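Following: one structure in structure tokens, then a few remarks.
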Amino acid sequence: MVDAAETTPDQGDRRHRRGRLILALALPIAVVVALAVGVATGGQNSGIFDGDPPAWASNLGRILILLGVVVEVAAVVWAVRTGRHRASRRSPLLTMSWSQRRRLQRQVRRGTPEFDEDPTLLVETARQAVGQRWLAVLIAGLAVVSVGQVFLGFASFHAVVGVVLVVVWVVLIVLVLRGARQGEAFLRANPDLGGR
């Protein structure tokens, strides 16, 4: 007898898909709400776009933007010098459909390779997840730039957009780092896949 509280993998996937869909719709919904507020106020200047930052906020904003750009440029230069930016250019995964790649990613994420799956594709999927860890630094630079723009704009509209962007960047960083950890765990747990 199956316990009603247990969830099947399909139910878990549906829950994850629903959560990703909500995250993906959050920004467009925020834009529509902002447009609705603009129409409701008759397009008048409500002051939400105007900001007169004090000198400390303006200086802090410029410093954060500069710091974020330096982090982004350093990440891109490092990726180009090490060849990571094109490491998967000839990957067999590029010829596969999105649903096939998702199926492989799901097996790597859970650490449960299916018996009839091609082991080289699973290993390549795990290696790509590990190799994309550098993107977290690039995204962190974008997050710092977003915070700097909030201080530089110093208006409620800039603050709302900045907070939304920072949340998006943080979620992306978490997903990239979690995927890299799961890829490493998969490769450690299945060292025999490369030799099959």
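Here, A, B, ... name the chains of the structure tokens in the order displayed, residue numbers run from 1 inside each chain, and ligands are numbered from 1 in the same displayed order.
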
*asked:* as a PyMOL selection string, please: the residues near stretch 95-106 of chain A (cut-off 8 Å, only C-alpha atoms, same-chain neighbours under 3 positions excluded).
replied: chain A and resi 92+109-110+121-122+125-126

Give me a file of those residues, with N, CA, C and O atoms, as a compact mmCIF listing (two decimals), in the first residue's frame.
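This is the output file part.txt:
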# COMPACT_ATOMS: atom_id res chain seq x y z
N PRO A 92 27.82 16.95 -27.98
CA PRO A 92 26.72 16.24 -28.65
C PRO A 92 25.35 16.66 -28.12
O PRO A 92 24.33 16.41 -28.76
N ARG A 109 20.68 15.47 -11.96
CA ARG A 109 20.28 16.18 -10.75
C ARG A 109 19.90 15.21 -9.65
O ARG A 109 20.25 15.39 -8.49
N ARG A 110 19.18 14.16 -10.00
CA ARG A 110 18.74 13.19 -9.00
C ARG A 110 19.81 12.15 -8.68
O ARG A 110 19.69 11.42 -7.71
N LEU A 121 26.49 10.76 -22.72
CA LEU A 121 25.63 11.94 -22.66
C LEU A 121 25.40 12.38 -21.22
O LEU A 121 25.37 13.58 -20.92
N LEU A 122 25.26 11.42 -20.33
CA LEU A 122 25.08 11.75 -18.92
C LEU A 122 26.34 12.41 -18.35
O LEU A 122 26.25 13.41 -17.63
N THR A 125 26.58 15.92 -19.71
CA THR A 125 25.62 16.80 -19.03
C THR A 125 26.15 17.22 -17.66
O THR A 125 26.08 18.39 -17.29
N ALA A 126 26.69 16.27 -16.91
CA ALA A 126 27.23 16.58 -15.59
C ALA A 126 28.45 17.50 -15.70
O ALA A 126 28.59 18.46 -14.93

Discussion item. I'd like the contact shell of stretch 138-140 of chain A - 9 Å cut-off, only C-alpha atoms, skipping same-chain residues fewer than 2 positions apart - returned as a count of residues only.
Written reply: 18

| message | Can you measure atom CA of A:Leu175 to atom CA of A:Leu187 for me? One decimal in Å is fine. | response |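 Atom CA of A:Leu187 lies 18.2 Å from atom CA of A:Leu175.
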